[in-house]
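Engineer: Take this structure, written in structure tokens, and hold onto it; I'll ask about it next.
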Amino acid sequence: MSSDLAPRPSAAVPAPADGDNRYKAVQAKLDTLGRALEDAGLGLEELLRSVRKNAKRAEDTARDVANAELDPKFVELTSNVGVALGGAGVQVKKLYETAQETADLTHETRRTHSRLYGALDDIRSNRRERTPKPGFFNR
């Protein structure tokens, strides 16, 4: 049972885990995370199709082995492969759904962050005078 899946380079570059919490940096990190999760979702969707296809092939092979009247242990082993792939498919589907949900929440977080802090960033960015760093007045 071969698979057409092959590792491919990630399109998204991981966002650095640094202390840069400026508005534009946070927006960029959220955008990068959202795109990476969407890419992962596409890969998981492809993996799910492949696992399901291979599970079906294992079930068909187990039936063919049984019809050929081979030793029952081979029927059982081949059938177990199909069952294991079916279980793996269930888990891949859960992971896919989690990636999609997390991507949606990331995009929602980006929009909320923009709504809450976008106007403030516009004001700070368009001033000729330098403004204090965030947290300066909390001392």
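Residue numbering restarts at 1 for every chain of the structure tokens, chains are lettered A, B, ... in their displayed order, and ligands are numbered from 1 as they appear.
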Could you give me, as a ChimeraX atom specification, the residues within 10 Å of Ala40 of chain A, counting only C-alpha atoms and dropping anything in the same chain fewer than 2 positions from it?
Structural biologist: /A:10-12,34-38,42-46,95-96,99-100,103
Engineer: Take the residues that were just selected and, keeping N, CA and C atoms, output them as a CSV table (one decimal), in the first residue's frame.
Structural biologist:
```csv
chain,number,residue,atom,x,y,z
A,10,SER,N,7.4,23.9,3.6
A,10,SER,CA,6.3,24.7,4.2
A,10,SER,C,6.3,26.0,3.5
A,11,ALA,N,5.1,26.5,3.1
A,11,ALA,CA,5.0,27.8,2.4
A,11,ALA,C,5.1,28.9,3.4
A,12,ALA,N,4.7,28.6,4.7
A,12,ALA,CA,4.7,29.7,5.7
A,12,ALA,C,6.0,29.6,6.5
A,34,GLY,N,-2.1,32.2,11.1
A,34,GLY,CA,-3.4,31.8,10.4
A,34,GLY,C,-3.1,31.1,9.1
A,35,ARG,N,-2.2,31.6,8.3
A,35,ARG,CA,-1.8,31.0,7.0
A,35,ARG,C,-1.2,29.6,7.2
A,36,ALA,N,-0.3,29.5,8.2
A,36,ALA,CA,0.3,28.2,8.5
A,36,ALA,C,-0.7,27.2,8.9
A,37,LEU,N,-1.7,27.6,9.7
A,37,LEU,CA,-2.8,26.7,10.1
A,37,LEU,C,-3.6,26.2,8.9
A,38,GLU,N,-3.9,27.2,8.0
A,38,GLU,CA,-4.7,26.9,6.8
A,38,GLU,C,-3.9,25.9,5.9
A,42,LEU,N,-4.9,22.0,4.8
A,42,LEU,CA,-4.9,21.4,3.5
A,42,LEU,C,-4.1,20.1,3.4
A,43,GLY,N,-2.9,20.1,4.1
A,43,GLY,CA,-2.1,18.9,4.2
A,43,GLY,C,-2.8,17.8,4.9
A,44,LEU,N,-3.5,18.1,6.0
A,44,LEU,CA,-4.3,17.1,6.8
A,44,LEU,C,-5.5,16.6,6.0
A,45,GLU,N,-6.1,17.5,5.2
A,45,GLU,CA,-7.2,17.0,4.3
A,45,GLU,C,-6.7,16.0,3.3
A,46,GLU,N,-5.5,16.3,2.7
A,46,GLU,CA,-4.9,15.4,1.8
A,46,GLU,C,-4.5,14.0,2.5
A,95,LEU,N,-7.8,16.1,14.1
A,95,LEU,CA,-6.7,17.1,14.0
A,95,LEU,C,-7.0,18.2,12.9
A,96,TYR,N,-7.5,17.7,11.8
A,96,TYR,CA,-7.9,18.7,10.7
A,96,TYR,C,-8.9,19.7,11.2
A,99,ALA,N,-7.3,22.1,13.5
A,99,ALA,CA,-6.5,23.1,12.8
A,99,ALA,C,-7.4,24.2,12.2
A,100,GLN,N,-8.5,23.8,11.6
A,100,GLN,CA,-9.4,24.7,11.0
A,100,GLN,C,-10.0,25.6,12.0
A,103,ALA,N,-7.4,28.1,13.1
A,103,ALA,CA,-7.1,29.1,12.0
A,103,ALA,C,-8.2,30.1,12.1
```
Engineer: Using atom CA of Ala55 of chain A and atom CA of Gly86 of chain A as the two end points, give the distance in Å to one decimal.
Structural biologist: 5.9 Å
Engineer: Taking only C-alpha atoms into account, which of A:Lys93, A:Lys73, A:Arg127, A:His113 comes nearest Leu47 of chain A?
Structural biologist: A:Lys93
Engineer: Quick one: DSSP helix (DSSP H, G or I) residues in chain A, as a ChimeraX atom specification?
Structural biologist: /A:23-67,72-125,136-138
Engineer: Would you kindly return, as number ranges by chain, each protein, DNA or RNA residue with an atom no farther than 9 Å from any atom of Leu77 of chain A, considering only C-alpha atoms and excluding same-chain residues fewer than 5 positions away?
Structural biologist: A: 62, 72, 82
Engineer: Write out the residues from the selection above, keeping N, CA, C and O atoms, as a PDB file, in the first residue's frame.
Structural biologist:
```pdb
ATOM      1  N   ALA A  62      -7.848  -7.733   2.271  1.00  0.00           N
ATOM      2  CA  ALA A  62      -8.204  -8.764   3.261  1.00  0.00           C
ATOM      3  C   ALA A  62      -9.293  -9.675   2.694  1.00  0.00           C
ATOM      4  O   ALA A  62      -9.236 -10.904   2.860  1.00  0.00           O
ATOM      5  N   PRO A  72      -5.746 -18.100   7.569  1.00  0.00           N
ATOM      6  CA  PRO A  72      -6.575 -17.071   8.218  1.00  0.00           C
ATOM      7  C   PRO A  72      -5.781 -15.983   8.953  1.00  0.00           C
ATOM      8  O   PRO A  72      -6.257 -14.864   9.104  1.00  0.00           O
ATOM      9  N   GLY A  82      -6.415  -2.503   7.947  1.00  0.00           N
ATOM     10  CA  GLY A  82      -7.554  -1.672   7.560  1.00  0.00           C
ATOM     11  C   GLY A  82      -8.211  -1.003   8.758  1.00  0.00           C
ATOM     12  O   GLY A  82      -8.548   0.188   8.713  1.00  0.00           O
TER      13      GLY A  82
END
```
Engineer: Given only C-alpha atoms as the basis, pick out the residue of A:Val65, A:Val75, A:Leu48, A:Leu85 nearest to Glu97 of chain A.
Structural biologist: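 Closest to Glu97 of chain A of all the choices is A:Leu48.
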Engineer: Write out as a PyMOL selection string the residues lying within 12 Å of Lys56 of chain A, counting only C-alpha atoms and excluding same-chain residues fewer than 2 positions away.
Structural biologist: chain A and resi 1+49-54+58-63+78-86+89
Engineer: Of the residues A:Arg57, A:Arg110, A:Lys24, A:Lys94, which is the one nearest to Ser125 of chain A, using only C-alpha atoms?
Structural biologist: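 Using only C-alpha atoms, Ser125 of chain A sits closest to A:Lys24.
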Engineer: Quick one, how far is atom CA of Ile123 of chain A from atom CA of Gly19 of chain A?
Structural biologist: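 Value for the atom CA of Ile123 of chain A-atom CA of Gly19 of chain A distance: 22.3 Å.
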Engineer: What is the distance, in Å and to one decimal place, between atom CA of Phe137 of chain A and atom CA of Tyr117 of chain A?
Structural biologist: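 Taking atom CA of Phe137 of chain A and atom CA of Tyr117 of chain A, their separation equals 17.3 Å.
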